[in-house]
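K.L.:
For reference, the structure I am asking about is given below.
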Amino acid sequence: MAARTRLPLLFPKNLPPFRNQRLVHTDAAAKEPAYPPVVPSLTAKSKSALRRQVEEHVQKVCASPVEEKLALITRIQREKYVVYPQTFARNADRWYQHFTKTAYIPGLPEKFTLGQEHTGGEEGSPPAAAQTTVPGIENDAFADIRSLVSRVILQERWHLKKRRPFLYREQEHMVGPLLRNLVSGLTYSLAKYNPLLPLSSLDFNPQVNFYWRRGQRIIPKGHRRRHLEPTRFQIDDRPHSQIRITQQLPQFAPLEACYDAEVPEITLAPNVMPMFRKQYDNHIFTGAKLPDPARYGHTQFHLVPDRYHRDRMARKQQSDQVEVFLRANGLASLFAWTGAQAMYQGFWNHEDVTRPFVSQAVITDGQFFSFFCYQLNTVALSVETDANNPRKNLMWGTESLRLYESVQDGEVVGLNDGVVKLLVQFLMNQP
Amino acid sequence: MATPLFSPTVLLKDLGRMSTHGQARRHFAVSRSLPAKALPARRPRERVEIPGLEMVTYGDRMHYVPGLAKPVYPQWERDYKDPGHYKAPPAHHMLLYKGKPCYVYNQRTSALEGVPQALWLTKAKLISGLPPHLLSLAESPANQIPDQDERVQNAIKHARFWDTTEERPCKEKYSNTLLSNLLHLCATLQSRHTVIGRRILAEKYSLAATWKRGEDLFQVRGQNGLLYNCMDPLPEVSGKQEVGDTAHHVLETFYPVSPSIDLQKVHVYEEEVNCSGFREGYPYPHAHTLYFQEDGDVNCKLHPKQFRAKMVMFAFGNALARAHSLYGTQPQHVLDRPITVQAVGTNGRLFQFLVFQLNTTDLSGDDGIKNQVWLDEDVELYDFAKLRPLIKKKQVKVPAGLEGYKPETFRKFLSLYLHGAV
């Protein structure tokens, strides 16, 4: 065929310009393709086929409603690392920060006035009646709340006749009812100042689960040797109580502010931590199933486990691990909760969140309280989506603050107003 | 099969005493191995003493010799105190032993006659149905929660369907969650009625109250359920006229069954023990409502009648402990201010509502002023809460989800909650 046609070697000079007027003035007309697009096969035993299968699966998940999305994401059971929020591992908070891509910022966001800085001064000075810096609450209401807190502490510590608790069940017997009454008392007292609270749902001993993938490893041995395998994680948490609300809390910091945050990088494999793998059902759960109207989280309350004793750690010269434990607990629990909330809204690995999800947590052992705030900016943590993802999650937290010194002769000695203020501010958080 | 004498006969003796009632047994022994199940105790061989005859034993030989008798050694007592190996002395050697028995009603008692037995023990008159002025408290819109029906239905669905990662939560869990959800809904009214802020919940408190009935001594003791305490006493439900009319009422007896049947008979007890569970100076001394759950105790399953009897007894116990602390332990013919205590019992779907008014602490005779009990039994909150529809002969009899919700039940619950606050 090439022999028959004679291509002109030179362009003819008398070619009229703009001969094809149609092509100049109209848009590139989308002509109906005559043939289907050329894509790699779906069932062949090739790398491009595998890539296409993955893409099809991703599109299928993106196109389905939320319930089916969750079912498709958690369908296949494989071995995964079980992340325990309350762990005895050393420096667990750095490990968990790496797994969840979270940056830790000491202190609380600006909206919570740092009452703990004034602890030294305020205890001695006359009751800070003139200095209640909690916006939206009058001094009388704050005084009522303060007396409620002291009565709750006295009921459990002094007035109620209790037997000695069974082995390793002191927290459940001694501090559990105290925290329960504290949470309910504060919630109902502040219900008239925070319109979210009357419509909220207060769960006791709920379950919070989250399942995600982050990082990959080369399988060292077996018939799948030298293949790349994503590292899967699962958190199964049981907070003491939590408040779930119908509207979302506002963000603490804009999305763009997290681009500069620093997340520690750990090159060791997770099982060095130590963390162990297990295979069982993958769950993503905020505390209630999808049809529940209260889908967003407000505050969680945690109790420390029975084997966590500050004085024992101080005797073993491990006082730094005291705060590390609390930070790791707050981080893992809040990441799981906010991640599950985001999943319930339809965001997942390949569809990243469009608005940050925010939650709060308080961890206590009855006397010491630590406060944490978490902002989830990204759920895209797996290898394929994390490569160009500049977003990081953020966590703010305090050191543990003492609520009261002791209980003597039916009186609470040394009740710390700053901690009560922080509790009130936490529960007053509203859009 | 003859067991060798030197091998673990000690084990068999211990195990025979440890009966587990179907619960998992905690193995704290590390020094010796224990078999997996509790073997039945074997009666030891009877030792025959013939006076004048000396038994030839193998004690001197220091090993078993067939044909010789087993030696009997004197009882060895440890000279130090070891709490791991403590044997309690028999009842008649205890300090608090009394010849006269005391009948104790505890949280696991299943009274044979049910509510009539409880009424006889507490010298009370039963009025079925709650008092109308109490029910009208929840009728007015000012005392209702906004979107009440929808929120209660959401609370039921949360307790029955949405609370777990599995398909459905178990009965104990859902009845617990339902009760806490309903209490949460009621307590959100605190923004309108600030008096609700003067109340607090207490769990795991131990009650003790004593009274004499005829010639017998009775006690109510135990940890029974969730107690709702208040700073102010509840107003009385019935006026002085009705209280006086109860004197004509005759208590129902159930001869030949004794009224103390199924109660725990103890000879070792402390007389005149009256304790509301809290120390003096407690800011919330008045018991407002008791919340019972049918499945609260794993070891004790009560029939509905016995469950109602338990509610009556513990409401009475709380009222009596308060009366004794206010007016002293001497029996009072008529209390100036009758003490009212309410109780709510549930199994997750059916509710029992109870109001107990203590008019008198003079309980020894069968005549005179009686106490009053208003009881509303087996009130359904909803008919069905099914995950899968019930289909018979290809027709849907009961659809999936919450079915047959009755709003009156929650209104009764709310009115009992608001009693004293409105």
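Labeling convention for the structure tokens: chains A, B, ... as they appear, residues from 1 per chain, ligands from 1 in order of appearance.
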Which chain A residues have any atom within 6 Å of an atom of chain B, and for each, what is the nearest pair of atoms with distance in Å to one decimal, counting only C-alpha atoms, rows sorted by chain and number, as a tab-separated table?
P.N.:
residue	atom	partner	partner_atom	distance
A:His159	CA	B:Arg279	CA	4.8
A:Leu160	CA	B:Phe278	CA	4.6
A:Lys161	CA	B:Phe278	CA	5.8
A:Tyr188	CA	B:Thr188	CA	5.8
A:Lys192	CA	B:Ser191	CA	4.9
A:Pro198	CA	B:Thr188	CA	5.3
A:Ala288	CA	B:Trp162	CA	5.0
A:Lys289	CA	B:Trp162	CA	4.7
K.L.:
Mind checking DSSP for range 120-202 of chain B and telling me the strand (DSSP E) residues as a list in words?
P.N.:
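Assigned to strand (DSSP E), within range 120-202 of chain B: Ala124, Lys125, Leu126, Ile127, Ser128, Arg199, Ile200, Leu201 and Ala202 of chain B.
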K.L.:
Could those residues be written to a file, using N, CA, C and O atoms, as a PDB file, in the first residue's frame?
P.N.:
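This is the output file again_11.pdb:
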ATOM      1  N   ALA B 124     -48.471  -4.708 104.983  1.00  0.00           N
ATOM      2  CA  ALA B 124     -48.863  -3.674 104.023  1.00  0.00           C
ATOM      3  C   ALA B 124     -50.132  -4.078 103.295  1.00  0.00           C
ATOM      4  O   ALA B 124     -50.475  -5.253 103.198  1.00  0.00           O
ATOM      5  N   LYS B 125     -50.799  -3.060 102.788  1.00  0.00           N
ATOM      6  CA  LYS B 125     -52.028  -3.277 102.013  1.00  0.00           C
ATOM      7  C   LYS B 125     -51.710  -2.982 100.560  1.00  0.00           C
ATOM      8  O   LYS B 125     -51.063  -1.988 100.238  1.00  0.00           O
ATOM      9  N   LEU B 126     -52.196  -3.873  99.679  1.00  0.00           N
ATOM     10  CA  LEU B 126     -51.874  -3.715  98.261  1.00  0.00           C
ATOM     11  C   LEU B 126     -52.983  -2.965  97.559  1.00  0.00           C
ATOM     12  O   LEU B 126     -54.170  -3.256  97.728  1.00  0.00           O
ATOM     13  N   ILE B 127     -52.594  -1.982  96.730  1.00  0.00           N
ATOM     14  CA  ILE B 127     -53.549  -1.277  95.866  1.00  0.00           C
ATOM     15  C   ILE B 127     -52.987  -1.418  94.467  1.00  0.00           C
ATOM     16  O   ILE B 127     -51.863  -0.993  94.202  1.00  0.00           O
ATOM     17  N   SER B 128     -53.740  -2.048  93.585  1.00  0.00           N
ATOM     18  CA  SER B 128     -53.137  -2.258  92.262  1.00  0.00           C
ATOM     19  C   SER B 128     -53.335  -1.009  91.422  1.00  0.00           C
ATOM     20  O   SER B 128     -54.367  -0.344  91.494  1.00  0.00           O
ATOM     21  N   ARG B 199     -30.196  15.152  93.221  1.00  0.00           N
ATOM     22  CA  ARG B 199     -30.294  13.701  93.346  1.00  0.00           C
ATOM     23  C   ARG B 199     -29.038  13.071  92.794  1.00  0.00           C
ATOM     24  O   ARG B 199     -28.327  13.658  91.987  1.00  0.00           O
ATOM     25  N   ILE B 200     -28.796  11.834  93.211  1.00  0.00           N
ATOM     26  CA  ILE B 200     -27.599  11.141  92.733  1.00  0.00           C
ATOM     27  C   ILE B 200     -27.879   9.644  92.731  1.00  0.00           C
ATOM     28  O   ILE B 200     -28.696   9.148  93.490  1.00  0.00           O
ATOM     29  N   LEU B 201     -27.164   8.945  91.864  1.00  0.00           N
ATOM     30  CA  LEU B 201     -27.327   7.496  91.789  1.00  0.00           C
ATOM     31  C   LEU B 201     -26.261   6.825  92.638  1.00  0.00           C
ATOM     32  O   LEU B 201     -25.133   7.292  92.701  1.00  0.00           O
ATOM     33  N   ALA B 202     -26.618   5.719  93.247  1.00  0.00           N
ATOM     34  CA  ALA B 202     -25.615   4.954  94.001  1.00  0.00           C
ATOM     35  C   ALA B 202     -25.794   3.487  93.649  1.00  0.00           C
ATOM     36  O   ALA B 202     -26.899   2.965  93.717  1.00  0.00           O
TER      37      ALA B 202
END
K.L.:
Pick out the residues sitting within 12 Å of Gly84 in chain B, and hand them over as number ranges by chain; count only C-alpha atoms, and ignore anything fewer than 4 positions along from it in its own chain.
P.N.:
B: 28-29, 78, 80, 88
K.L.:
Just checking: using only C-alpha atoms, which residue out of B:Val257, B:Ala315, B:Leu418, B:Val220 ends up closest to Pro116 in chain B?
P.N.:
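For Pro116 in chain B, the nearest of the given residues is B:Val257.
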K.L.:
Please list as a PyMOL selection string every residue within 10 Å of Val407 in chain A, counting only C-alpha atoms and excluding residues in the same chain fewer than 6 positions away.
P.N.:
chain A and resi 150+153-154+157-158+413-415
